[in-house]
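Below is work06.txt, which holds compact mmCIF, C-alpha atoms.
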# COMPACT_ATOMS: atom_id res chain seq x y z
CA MET S 1 101.04 87.11 89.65
CA LYS S 2 98.24 89.32 90.92
CA VAL S 3 97.87 89.76 94.65
CA GLY S 4 94.65 90.81 96.38
CA ALA S 5 96.18 93.71 98.25
CA ARG S 6 95.07 97.18 97.27
CA ASN S 7 98.46 98.69 98.00
CA LYS S 8 101.34 97.56 95.77
CA ILE S 9 104.24 99.93 95.35
CA GLU S 10 107.64 99.52 93.69
CA ALA S 11 110.56 100.16 96.00
CA GLU S 12 114.26 99.54 96.57
CA VAL S 13 115.78 97.97 99.68
CA THR S 14 118.01 100.47 101.50
CA GLN S 15 118.71 98.82 104.85
CA ILE S 16 118.35 95.46 106.59
CA LYS S 17 118.47 94.97 110.36
CA LYS S 18 118.59 91.29 111.17
CA GLY S 19 117.58 89.95 114.59
CA ASP S 20 117.32 86.46 116.02
CA VAL S 21 113.76 85.72 114.89
CA MET S 22 112.57 88.90 113.20
CA CYS S 23 114.19 91.43 110.91
CA ALA S 24 113.35 94.94 109.74
CA VAL S 25 113.77 95.96 106.10
CA LYS S 26 113.76 99.61 105.01
CA VAL S 27 112.76 100.46 101.46
CA LYS S 28 112.56 103.67 99.41
CA LEU S 29 109.50 104.00 97.17
CA SER S 30 110.64 104.26 93.53
CA GLY S 31 110.80 107.80 92.15
CA THR S 32 110.25 109.36 95.57
CA ASP S 33 112.05 110.05 98.84
CA ILE S 34 109.43 108.17 100.85
CA MET S 35 110.81 105.47 103.14
CA MET S 36 108.77 102.51 104.36
CA SER S 37 109.58 99.64 106.69
CA SER S 38 108.60 95.98 106.69
CA VAL S 39 109.10 93.50 109.50
CA MET S 40 109.29 89.82 108.62
CA THR S 41 110.80 86.63 110.01
CA THR S 42 114.49 86.09 109.31
CA ASP S 43 113.39 82.82 107.68
CA SER S 44 111.38 84.81 105.11
CA LEU S 45 114.29 87.18 104.51
CA ASP S 46 116.68 84.28 103.94
CA GLU S 47 114.23 82.41 101.71
CA MET S 48 113.74 85.49 99.51
CA SER S 49 117.46 86.32 99.78
CA ILE S 50 116.66 90.01 100.04
CA LYS S 51 119.68 92.32 100.06
CA VAL S 52 120.33 96.06 99.96
CA GLY S 53 119.72 97.43 96.45
CA ASP S 54 117.08 94.84 95.51
CA LYS S 55 113.98 95.97 93.65
CA VAL S 56 110.91 94.80 95.53
CA HIS S 57 107.17 95.34 95.71
CA VAL S 58 105.59 96.63 98.88
CA TYR S 59 102.17 95.15 99.68
CA ALA S 60 99.74 96.20 102.40
CA LYS S 61 96.15 95.10 102.76
CA ALA S 62 93.89 98.16 102.86
CA VAL S 63 92.36 96.96 106.15
CA ASN S 64 95.77 97.36 107.78
CA VAL S 65 96.24 100.93 106.59
CA LEU S 66 95.18 103.59 109.07
CA LEU S 67 94.46 107.24 108.32
CA GLY S 68 95.09 110.17 110.69
CA LYS S 69 93.86 113.73 110.28
CA ASP S 70 94.97 116.84 112.16
CA MET J 1 101.34 113.32 118.54
CA LYS J 2 103.84 110.59 117.76
CA VAL J 3 102.53 107.21 116.69
CA GLY J 4 104.47 103.97 116.98
CA ALA J 5 104.04 102.97 113.37
CA ARG J 6 107.14 102.93 111.21
CA ASN J 7 105.25 104.02 108.14
CA LYS J 8 103.75 107.51 108.19
CA ILE J 9 103.20 109.22 104.88
CA GLU J 10 101.43 112.47 103.95
CA ALA J 11 98.62 112.04 101.48
CA GLU J 12 95.46 113.57 100.06
CA VAL J 13 92.06 111.87 99.94
CA THR J 14 90.96 111.34 96.33
CA GLN J 15 87.96 109.01 96.59
CA ILE J 16 85.58 107.61 99.21
CA LYS J 17 83.40 104.54 98.69
CA LYS J 18 80.95 104.21 101.54
CA GLY J 19 79.28 100.91 102.38
CA ASP J 20 76.90 99.81 105.10
CA VAL J 21 79.53 98.91 107.72
CA MET J 22 82.86 99.47 106.02
CA CYS J 23 84.21 102.07 103.63
CA ALA J 24 87.23 102.34 101.36
CA VAL J 25 89.24 105.56 101.12
CA LYS J 26 91.73 106.18 98.30
CA VAL J 27 94.60 108.59 98.89
CA LYS J 28 97.45 109.94 96.76
CA LEU J 29 100.83 110.19 98.48
CA SER J 30 101.96 113.84 98.54
CA GLY J 31 104.40 114.83 95.79
CA THR J 32 103.95 111.52 93.97
CA ASP J 33 101.47 109.68 91.76
CA ILE J 34 101.32 106.72 94.15
CA MET J 35 97.81 105.72 95.23
CA MET J 36 97.06 103.84 98.43
CA SER J 37 93.82 102.54 99.92
CA SER J 38 92.56 102.31 103.46
CA VAL J 39 89.52 100.38 104.67
CA MET J 40 87.85 101.51 107.89
CA THR J 41 84.44 101.38 109.53
CA THR J 42 81.94 103.99 108.35
CA ASP J 43 81.76 105.04 112.01
CA SER J 44 85.46 105.97 111.90
CA LEU J 45 84.99 107.83 108.64
CA ASP J 46 82.07 109.83 110.05
CA GLU J 47 83.85 110.56 113.33
CA MET J 48 86.90 111.89 111.49
CA SER J 49 84.63 113.59 108.92
CA ILE J 50 87.01 112.65 106.14
CA LYS J 51 86.15 114.06 102.72
CA VAL J 52 87.75 114.22 99.27
CA GLY J 53 90.62 116.74 99.22
CA ASP J 54 91.52 116.31 102.90
CA LYS J 55 95.19 116.16 103.88
CA VAL J 56 95.76 113.01 105.93
CA HIS J 57 98.55 110.83 107.24
CA VAL J 58 98.79 107.21 106.19
CA TYR J 59 99.98 104.83 108.91
CA ALA J 60 100.89 101.17 108.58
CA LYS J 61 102.62 99.06 111.16
CA ALA J 62 105.77 97.54 109.68
CA VAL J 63 104.59 94.03 110.66
CA ASN J 64 101.65 94.44 108.29
CA VAL J 65 103.81 95.43 105.32
CA LEU J 66 104.76 92.58 103.02
CA LEU J 67 107.57 92.53 100.46
CA GLY J 68 107.54 90.66 97.17
CA LYS J 69 110.48 90.05 94.86
CA ASP J 70 110.48 88.81 91.26
CA MET U 1 107.55 86.03 92.37
CA LYS U 2 108.53 85.35 95.96
CA VAL U 3 106.48 86.92 98.74
CA GLY U 4 107.73 87.50 102.26
CA ALA U 5 104.87 85.72 103.96
CA ARG U 6 105.69 82.50 105.79
CA ASN U 7 102.34 80.96 104.93
CA LYS U 8 101.66 80.25 101.26
CA ILE U 9 99.20 77.50 100.44
CA GLU U 10 97.65 76.38 97.15
CA ALA U 11 93.88 76.45 97.14
CA GLU U 12 90.77 76.56 94.95
CA VAL U 13 88.02 79.18 95.19
CA THR U 14 84.71 77.57 96.22
CA GLN U 15 82.48 80.52 97.05
CA ILE U 16 82.34 84.29 96.67
CA LYS U 17 80.07 86.57 98.67
CA LYS U 18 80.16 90.07 97.26
CA GLY U 19 79.16 93.09 99.32
CA ASP U 20 79.15 96.81 98.61
CA VAL U 21 82.73 97.54 99.70
CA MET U 22 84.08 94.22 100.96
CA CYS U 23 83.72 90.63 99.83
CA ALA U 24 84.42 87.24 101.36
CA VAL U 25 86.08 84.47 99.36
CA LYS U 26 86.07 80.84 100.52
CA VAL U 27 88.82 78.53 99.34
CA LYS U 28 89.61 74.83 99.82
CA LEU U 29 93.27 73.99 100.43
CA SER U 30 94.53 71.72 97.60
CA GLY U 31 94.58 68.01 98.43
CA THR U 32 92.66 68.54 101.67
CA ASP U 33 89.16 69.25 102.96
CA ILE U 34 90.33 72.33 104.86
CA MET U 35 88.40 75.51 104.10
CA MET U 36 89.80 79.00 104.59
CA SER U 37 88.29 82.44 104.10
CA SER U 38 89.73 85.71 102.86
CA VAL U 39 88.12 89.12 103.05
CA MET U 40 89.19 91.77 100.56
CA THR U 41 87.79 94.88 98.90
CA THR U 42 85.44 94.28 95.98
CA ASP U 43 87.89 96.42 93.99
CA SER U 44 90.62 93.83 94.61
CA LEU U 45 88.29 90.99 93.68
CA ASP U 46 87.33 92.71 90.42
CA GLU U 47 90.92 93.62 89.55
CA MET U 48 92.05 90.01 90.05
CA SER U 49 88.82 88.75 88.38
CA ILE U 50 88.62 85.93 90.87
CA LYS U 51 85.82 83.41 90.24
CA VAL U 52 84.68 80.07 91.65
CA GLY U 53 87.01 77.28 90.52
CA ASP U 54 90.10 79.48 90.24
CA LYS U 55 93.43 78.16 91.51
CA VAL U 56 94.89 80.68 93.95
CA HIS U 57 97.58 81.00 96.59
CA VAL U 58 96.66 81.80 100.17
CA TYR U 59 99.11 84.10 101.98
CA ALA U 60 99.14 85.02 105.65
CA LYS U 61 101.93 86.80 107.47
CA ALA U 62 103.07 84.70 110.42
CA VAL U 63 102.49 87.63 112.79
CA ASN U 64 98.79 87.48 111.96
CA VAL U 65 98.47 83.78 112.72
CA LEU U 66 97.31 82.97 116.24
CA LEU U 67 97.64 79.64 118.05
CA GLY U 68 95.18 78.25 120.59
CA LYS U 69 95.72 75.28 122.89
CA ASP U 70 93.15 73.37 124.98
CA MET R 1 84.99 78.39 123.29
CA LYS R 2 84.04 79.82 119.93
CA VAL R 3 86.32 82.40 118.37
CA GLY R 4 85.25 84.93 115.75
CA ALA R 5 87.94 84.03 113.27
CA ARG R 6 86.83 82.38 110.04
CA ASN R 7 89.96 80.26 109.82
CA LYS R 8 90.46 77.63 112.52
CA ILE R 9 92.56 74.62 111.65
CA GLU R 10 93.88 71.74 113.77
CA ALA R 11 97.63 71.39 113.69
CA GLU R 12 100.67 69.97 115.50
CA VAL R 13 103.69 71.97 116.61
CA THR R 14 106.82 70.81 114.77
CA GLN R 15 109.42 73.48 115.57
CA ILE R 16 109.96 76.42 117.92
CA LYS R 17 112.53 79.16 117.37
CA LYS R 18 112.76 81.34 120.44
CA GLY R 19 114.17 84.87 120.32
CA ASP R 20 114.57 87.60 122.89
CA VAL R 21 111.13 89.19 122.48
CA MET R 22 109.47 87.24 119.68
CA CYS R 23 109.39 83.57 118.70
CA ALA R 24 108.37 81.64 115.61
CA VAL R 25 106.34 78.43 115.86
CA LYS R 26 105.99 76.02 112.93
CA VAL R 27 102.96 73.75 112.77
CA LYS R 28 101.78 71.00 110.42
CA LEU R 29 98.06 71.04 109.57
CA SER R 30 96.48 67.77 110.78
CA GLY R 31 96.05 65.10 108.10
CA THR R 32 98.11 67.07 105.59
CA ASP R 33 101.71 67.97 104.76
CA ILE R 34 100.94 71.69 104.85
CA MET R 35 103.20 73.72 107.12
CA MET R 36 102.21 77.06 108.63
CA SER R 37 104.07 79.52 110.84
CA SER R 38 102.96 81.74 113.69
CA VAL R 39 104.94 84.53 115.30
CA MET R 40 104.10 85.51 118.87
CA THR R 41 105.79 87.09 121.89
CA THR R 42 107.96 84.75 123.96
CA ASP R 43 105.69 85.75 126.88
CA SER R 44 102.71 84.22 125.05
CA LEU R 45 104.69 81.09 124.24
CA ASP R 46 105.74 80.66 127.86
CA GLU R 47 102.25 81.36 129.21
CA MET R 48 100.74 78.72 126.89
CA SER R 49 103.74 76.42 127.52
CA ILE R 50 103.72 75.38 123.88
CA LYS R 51 106.21 72.63 122.98
CA VAL R 52 107.01 70.47 119.97
CA GLY R 53 104.36 67.78 119.50
CA ASP R 54 101.51 69.81 121.02
CA LYS R 55 98.11 69.76 119.33
CA VAL R 56 97.00 73.32 118.68
CA HIS R 57 94.45 75.31 116.72
CA VAL R 58 95.56 77.79 114.10
CA TYR R 59 93.45 80.96 113.88
CA ALA R 60 93.63 83.71 111.29
CA LYS R 61 91.10 86.48 110.79
CA ALA R 62 89.84 86.42 107.21
CA VAL R 63 90.81 90.09 106.77
CA ASN R 64 94.45 89.11 107.27
CA VAL R 65 94.38 86.38 104.63
CA LEU R 66 95.56 87.48 101.19
CA LEU R 67 94.92 85.69 97.88
CA GLY R 68 97.31 85.62 94.92
CA LYS R 69 96.51 84.42 91.41
CA ASP R 70 98.93 83.66 88.57
CA MET H 1 91.46 77.08 125.99
CA LYS H 2 94.52 79.30 125.99
CA VAL H 3 95.08 81.64 123.07
CA GLY H 4 98.42 83.09 122.06
CA ALA H 5 97.29 86.69 122.09
CA ARG H 6 98.76 88.95 124.74
CA ASN H 7 95.58 90.96 125.06
CA LYS H 8 92.52 89.13 126.43
CA ILE H 9 89.87 91.23 128.14
CA GLU H 10 86.39 90.36 129.43
CA ALA H 11 83.64 92.45 127.91
CA GLU H 12 79.91 92.65 127.23
CA VAL H 13 78.34 93.16 123.80
CA THR H 14 76.45 96.47 123.68
CA GLN H 15 75.68 96.97 119.99
CA ILE H 16 75.73 95.05 116.71
CA LYS H 17 75.68 96.68 113.27
CA LYS H 18 75.16 94.03 110.61
CA GLY H 19 76.16 94.64 106.99
CA ASP H 20 76.05 92.46 103.90
CA VAL H 21 79.49 90.85 104.33
CA MET H 22 80.97 92.47 107.43
CA CYS H 23 79.56 93.54 110.77
CA ALA H 24 80.74 95.75 113.61
CA VAL H 25 80.30 94.71 117.25
CA LYS H 26 80.69 97.17 120.12
CA VAL H 27 81.65 95.87 123.55
CA LYS H 28 82.16 97.45 126.99
CA LEU H 29 85.14 96.18 128.96
CA SER H 30 83.92 94.57 132.21
CA GLY H 31 84.09 96.80 135.28
CA THR H 32 84.95 99.88 133.20
CA ASP H 33 83.33 102.41 130.88
CA ILE H 34 85.81 101.64 128.09
CA MET H 35 84.22 100.77 124.76
CA MET H 36 85.95 98.71 122.08
CA SER H 37 84.89 97.65 118.60
CA SER H 38 85.46 94.48 116.61
CA VAL H 39 84.79 93.97 112.92
CA MET H 40 84.17 90.42 111.68
CA THR H 41 82.37 88.67 108.85
CA THR H 42 78.62 88.27 109.27
CA ASP H 43 79.29 84.53 108.87
CA SER H 44 81.43 84.58 112.03
CA LEU H 45 78.79 86.56 113.89
CA ASP H 46 76.08 84.10 112.90
CA GLU H 47 78.22 81.06 113.72
CA MET H 48 78.99 82.40 117.19
CA SER H 49 75.38 83.65 117.52
CA ILE H 50 76.60 86.79 119.25
CA LYS H 51 73.85 89.08 120.56
CA VAL H 52 73.62 92.21 122.69
CA GLY H 53 74.24 91.41 126.37
CA ASP H 54 76.56 88.45 125.68
CA LYS H 55 79.71 88.05 127.77
CA VAL H 56 82.69 87.75 125.46
CA HIS H 57 86.47 87.89 125.47
CA VAL H 58 88.29 90.51 123.44
CA TYR H 59 91.55 89.32 121.85
CA ALA H 60 94.15 91.39 120.05
CA LYS H 61 97.62 90.26 119.05
CA ALA H 62 100.21 92.62 120.53
CA VAL H 63 101.70 93.23 117.07
CA ASN H 64 98.41 94.81 116.01
CA VAL H 65 98.28 97.21 118.95
CA LEU H 66 99.72 100.65 118.27
CA LEU H 67 100.81 103.23 120.83
CA GLY H 68 100.59 107.01 120.41
CA LYS H 69 102.19 109.63 122.61
CA ASP H 70 101.52 113.37 122.75
CA MET V 1 94.98 114.54 115.65
CA LYS V 2 92.16 112.10 114.93
CA VAL V 3 93.06 108.57 113.98
CA GLY V 4 90.79 106.22 112.06
CA ALA V 5 90.98 103.40 114.57
CA ARG V 6 87.82 102.55 116.45
CA ASN V 7 89.74 101.60 119.58
CA LYS V 8 91.63 104.39 121.36
CA ILE V 9 92.24 103.99 125.07
CA GLU V 10 94.33 106.02 127.53
CA ALA V 11 96.98 104.01 129.31
CA GLU V 12 100.25 104.19 131.22
CA VAL V 13 103.44 102.34 130.30
CA THR V 14 104.37 99.83 133.03
CA GLN V 15 107.10 97.70 131.45
CA ILE V 16 109.38 97.67 128.41
CA LYS V 17 111.20 94.59 127.13
CA LYS V 18 113.69 95.57 124.46
CA GLY V 19 115.02 93.06 121.94
CA ASP V 20 117.33 93.37 118.97
CA VAL V 21 114.72 94.30 116.36
CA MET V 22 111.41 94.21 118.21
CA CYS V 23 110.29 95.25 121.67
CA ALA V 24 107.24 94.59 123.83
CA VAL V 25 105.58 97.38 125.82
CA LYS V 26 103.08 96.67 128.62
CA VAL V 27 100.52 99.31 129.50
CA LYS V 28 97.77 99.60 132.11
CA LEU V 29 94.49 101.10 130.91
CA SER V 30 93.79 104.32 132.85
CA GLY V 31 91.38 103.94 135.77
CA THR V 32 91.39 100.14 135.53
CA ASP V 33 93.57 97.13 136.34
CA ILE V 34 93.49 95.93 132.72
CA MET V 35 96.89 95.29 131.17
CA MET V 36 97.54 95.36 127.43
CA SER V 37 100.66 94.71 125.36
CA SER V 38 101.99 96.28 122.19
CA VAL V 39 104.84 94.98 120.05
CA MET V 40 106.73 97.47 117.89
CA THR V 41 110.17 97.86 116.32
CA THR V 42 112.90 99.13 118.65
CA ASP V 43 113.31 101.95 116.11
CA SER V 44 109.74 103.09 116.81
CA LEU V 45 110.30 102.85 120.55
CA ASP V 46 113.45 104.94 120.34
CA GLU V 47 111.88 107.51 118.03
CA MET V 48 108.94 107.98 120.39
CA SER V 49 111.31 107.77 123.41
CA ILE V 50 108.72 105.76 125.33
CA LYS V 51 109.63 105.02 128.94
CA VAL V 52 107.95 103.47 131.98
CA GLY V 53 105.41 105.87 133.47
CA ASP V 54 104.57 107.60 130.17
CA LYS V 55 100.95 108.38 129.37
CA VAL V 56 100.09 106.91 125.98
CA HIS V 57 97.11 106.10 123.79
CA VAL V 58 96.43 102.53 122.74
CA TYR V 59 95.09 102.13 119.20
CA ALA V 60 93.76 98.99 117.54
CA LYS V 61 91.90 98.79 114.27
CA ALA V 62 88.55 97.07 114.83
CA VAL V 63 89.36 94.54 112.08
CA ASN V 64 92.26 93.29 114.20
CA VAL V 65 90.13 92.77 117.30
CA LEU V 66 88.80 89.24 117.73
CA LEU V 67 85.91 88.15 119.96
CA GLY V 68 85.66 84.80 121.75
CA LYS V 69 82.57 83.38 123.45
CA ASP V 70 82.34 80.40 125.83
Could you write out this structure as structure tokens?
Amino acid sequence: MKVGARNKIEAEVTQIKKGDVMCAVKVKLSGTDIMMSSVMTTDSLDEMSIKVGDKVHVYAKAVNVLLGKD
Amino acid sequence: MKVGARNKIEAEVTQIKKGDVMCAVKVKLSGTDIMMSSVMTTDSLDEMSIKVGDKVHVYAKAVNVLLGKD
Amino acid sequence: MKVGARNKIEAEVTQIKKGDVMCAVKVKLSGTDIMMSSVMTTDSLDEMSIKVGDKVHVYAKAVNVLLGKD
Amino acid sequence: MKVGARNKIEAEVTQIKKGDVMCAVKVKLSGTDIMMSSVMTTDSLDEMSIKVGDKVHVYAKAVNVLLGKD
Amino acid sequence: MKVGARNKIEAEVTQIKKGDVMCAVKVKLSGTDIMMSSVMTTDSLDEMSIKVGDKVHVYAKAVNVLLGKD
Amino acid sequence: MKVGARNKIEAEVTQIKKGDVMCAVKVKLSGTDIMMSSVMTTDSLDEMSIKVGDKVHVYAKAVNVLLGKD
């Protein structure tokens, strides 16, 4: 499936912090040491049955990516 | 300055596509071959005077990062 | 593929308005008369080669869905 | 009141899951079997006094709507 | 109507920059000198018939508000 | 540092509500009585060590700002 998000990166799940409604998932971008985080509902986490070690794709719409410059 | 976004990655600007109101900026994450895109207003681009070759930081709030799993 | 967005709806593309950097795509939710709109970069549109009549899935993260009440 | 979001759909609240800071609200789009979810702060939920059975409007900015294609 | 966004501020439209698909609207928060900007589709702008001088409400979901600290 | 968000406002932290995964931070815009809210992960809050009374900057991408008109 193709998804209309400019940013699609392969990653591996390294940590899951599960709360009552929301949870935070940490991933490491494949072939790098770069960590990223995703927050989703615990319902989504359960439905996808995401667990540590899983290979996933990271998606972010370009409009939600911000740039900063020193 | 610290910014309350979980995802902060060093990158270099590789391409700028400037439209009437919005523009798209492509960056390459430092030390990798991973490309990401950011869409912002042309006013923001001009104010930050972003140009190809600039070192920037990529920010994305974790709530706007989506995971996909095969 | 499973995607960690709570909202995933089948739809058909009914209209595409293409701008210089961004484009707007109208879709009709399958089996209903409900119209929705998506804005993406023209690069995304071209990469997915979306055209009128295409069957697509609409995704929206629950955190980006707002409720209003009279 | 008119709101500058391209996507405005009538719906009925079917389920509320309330957490410490955030809550998830499930709605069914009127005249359909399509379910959608919204995540908001519990403060917003309390202020709007949303409860199961309420008629609401679902809003999503077009920039936050993603399309996927098989 | 009540809207489930934590941030709702009265403002006045001071400038409109209309592009092919998207447009940028500048507003001044009422009783202050603080300027804010909103980007929407030109379709939304036309539907709401927003013009300079209009009194509007600014909405932003709390999840899309970022804090920075020196 | 310059950040590519059209909306950057000085504010002071007035309240913090900390949950298991997410937290809500209330701020008052400097020189006004306008309150705004930001939701972030508790990890971000801890990393920035934000506390009541802190001077912060509020950022919101223009694409995530919605206008409403009566």
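In this comparison, which uses all atoms listed in the file, the residue of S:Val58, S:Met48, S:Leu66, S:Ile9 approaching J:Asp33 most closely is S:Ile9.
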Counting all atoms listed in the file, the option among J:Val52, J:Val39, J:Val27, J:Val3 closest to chain S:
J:Val39
Kindly assemble as a Markdown table a list of the chain S residues that lie within 6 Å of chain R, each paired with its nearest atom pair and their distance in Å to one decimal, using all atoms listed in the file, sorted first by chain and then by ascending residue number.
| residue | atom | partner | partner_atom | distance |
| --- | --- | --- | --- | --- |
| S:Met1 | CA | R:Asp70 | CA | 4.2 |
| S:Lys2 | CA | R:Lys69 | CA | 5.2 |
| S:Val3 | CA | R:Gly68 | CA | 4.2 |
| S:Gly4 | CA | R:Leu67 | CA | 5.3 |
| S:Asp20 | CA | R:Gly19 | CA | 5.6 |
| S:Val21 | CA | R:Gly19 | CA | 5.5 |
All Cα atoms, paired in order, least squares: that's the fit I need for chain J onto chain S, output as a PDB file with C-alpha atoms, in the frame of the given file.
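This went into part39.pdb:
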ATOM      1  CA  MET J   1     101.066  87.116  89.657  1.00  0.00           C
ATOM      2  CA  LYS J   2      98.259  89.314  90.922  1.00  0.00           C
ATOM      3  CA  VAL J   3      97.886  89.777  94.654  1.00  0.00           C
ATOM      4  CA  GLY J   4      94.675  90.814  96.375  1.00  0.00           C
ATOM      5  CA  ALA J   5      96.195  93.705  98.259  1.00  0.00           C
ATOM      6  CA  ARG J   6      95.076  97.179  97.283  1.00  0.00           C
ATOM      7  CA  ASN J   7      98.458  98.677  97.992  1.00  0.00           C
ATOM      8  CA  LYS J   8     101.332  97.569  95.768  1.00  0.00           C
ATOM      9  CA  ILE J   9     104.233  99.935  95.358  1.00  0.00           C
ATOM     10  CA  GLU J  10     107.643  99.528  93.694  1.00  0.00           C
ATOM     11  CA  ALA J  11     110.561 100.146  95.993  1.00  0.00           C
ATOM     12  CA  GLU J  12     114.255  99.543  96.567  1.00  0.00           C
ATOM     13  CA  VAL J  13     115.763  97.964  99.681  1.00  0.00           C
ATOM     14  CA  THR J  14     117.998 100.462 101.495  1.00  0.00           C
ATOM     15  CA  GLN J  15     118.708  98.824 104.858  1.00  0.00           C
ATOM     16  CA  ILE J  16     118.338  95.455 106.591  1.00  0.00           C
ATOM     17  CA  LYS J  17     118.466  94.968 110.359  1.00  0.00           C
ATOM     18  CA  LYS J  18     118.602  91.286 111.171  1.00  0.00           C
ATOM     19  CA  GLY J  19     117.592  89.941 114.571  1.00  0.00           C
ATOM     20  CA  ASP J  20     117.333  86.465 116.028  1.00  0.00           C
ATOM     21  CA  VAL J  21     113.758  85.726 114.903  1.00  0.00           C
ATOM     22  CA  MET J  22     112.576  88.890 113.204  1.00  0.00           C
ATOM     23  CA  CYS J  23     114.187  91.424 110.907  1.00  0.00           C
ATOM     24  CA  ALA J  24     113.342  94.925 109.735  1.00  0.00           C
ATOM     25  CA  VAL J  25     113.782  95.951 106.099  1.00  0.00           C
ATOM     26  CA  LYS J  26     113.758  99.607 105.015  1.00  0.00           C
ATOM     27  CA  VAL J  27     112.767 100.453 101.453  1.00  0.00           C
ATOM     28  CA  LYS J  28     112.547 103.663  99.420  1.00  0.00           C
ATOM     29  CA  LEU J  29     109.502 103.994  97.169  1.00  0.00           C
ATOM     30  CA  SER J  30     110.635 104.265  93.529  1.00  0.00           C
ATOM     31  CA  GLY J  31     110.808 107.807  92.143  1.00  0.00           C
ATOM     32  CA  THR J  32     110.242 109.355  95.571  1.00  0.00           C
ATOM     33  CA  ASP J  33     112.054 110.038  98.837  1.00  0.00           C
ATOM     34  CA  ILE J  34     109.419 108.170 100.854  1.00  0.00           C
ATOM     35  CA  MET J  35     110.793 105.468 103.155  1.00  0.00           C
ATOM     36  CA  MET J  36     108.756 102.515 104.366  1.00  0.00           C
ATOM     37  CA  SER J  37     109.583  99.633 106.693  1.00  0.00           C
ATOM     38  CA  SER J  38     108.613  95.996 106.684  1.00  0.00           C
ATOM     39  CA  VAL J  39     109.103  93.505 109.509  1.00  0.00           C
ATOM     40  CA  MET J  40     109.297  89.814 108.627  1.00  0.00           C
ATOM     41  CA  THR J  41     110.793  86.626 110.016  1.00  0.00           C
ATOM     42  CA  THR J  42     114.489  86.090 109.304  1.00  0.00           C
ATOM     43  CA  ASP J  43     113.394  82.828 107.663  1.00  0.00           C
ATOM     44  CA  SER J  44     111.379  84.820 105.105  1.00  0.00           C
ATOM     45  CA  LEU J  45     114.280  87.175 104.518  1.00  0.00           C
ATOM     46  CA  ASP J  46     116.684  84.278 103.927  1.00  0.00           C
ATOM     47  CA  GLU J  47     114.245  82.406 101.690  1.00  0.00           C
ATOM     48  CA  MET J  48     113.735  85.479  99.510  1.00  0.00           C
ATOM     49  CA  SER J  49     117.462  86.306  99.774  1.00  0.00           C
ATOM     50  CA  ILE J  50     116.664  89.989 100.050  1.00  0.00           C
ATOM     51  CA  LYS J  51     119.673  92.306 100.068  1.00  0.00           C
ATOM     52  CA  VAL J  52     120.327  96.054  99.951  1.00  0.00           C
ATOM     53  CA  GLY J  53     119.705  97.431  96.443  1.00  0.00           C
ATOM     54  CA  ASP J  54     117.064  94.841  95.519  1.00  0.00           C
ATOM     55  CA  LYS J  55     113.965  95.981  93.635  1.00  0.00           C
ATOM     56  CA  VAL J  56     110.896  94.798  95.540  1.00  0.00           C
ATOM     57  CA  HIS J  57     107.165  95.346  95.718  1.00  0.00           C
ATOM     58  CA  VAL J  58     105.581  96.637  98.895  1.00  0.00           C
ATOM     59  CA  TYR J  59     102.166  95.160  99.694  1.00  0.00           C
ATOM     60  CA  ALA J  60      99.746  96.203 102.413  1.00  0.00           C
ATOM     61  CA  LYS J  61      96.170  95.111 102.755  1.00  0.00           C
ATOM     62  CA  ALA J  62      93.897  98.152 102.845  1.00  0.00           C
ATOM     63  CA  VAL J  63      92.368  96.967 106.151  1.00  0.00           C
ATOM     64  CA  ASN J  64      95.776  97.367 107.782  1.00  0.00           C
ATOM     65  CA  VAL J  65      96.250 100.945 106.582  1.00  0.00           C
ATOM     66  CA  LEU J  66      95.192 103.608 109.053  1.00  0.00           C
ATOM     67  CA  LEU J  67      94.463 107.266 108.319  1.00  0.00           C
ATOM     68  CA  GLY J  68      95.086 110.167 110.668  1.00  0.00           C
ATOM     69  CA  LYS J  69      93.847 113.727 110.285  1.00  0.00           C
ATOM     70  CA  ASP J  70      94.936 116.856 112.161  1.00  0.00           C
TER      71      ASP J  70
END
Within 10 Å of (98.8, 70.0, 103.6) (coordinates as in the file), grab all the protein and nucleic acid residues, counting all atoms listed in the file, and write them out as a PyMOL selection string.
(chain U and resi 9-10+29-34) or (chain R and resi 28-36)
Separation of atom CA of H:Val25 and atom CA of U:Ile50, in Å?
29.0 Å
Got a sec: who's within 7 Å of H:Lys8, counting all atoms listed in the file, leaving out chain neighbours fewer than 6 positions off, as a ChimeraX atom specification?
/H:57-60
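You can rank V:Lys26, V:Lys55, V:Lys61, V:Arg6 by their closest distance to J:Asp43 using only C-alpha atoms, and at the top of that list sits V:Arg6.
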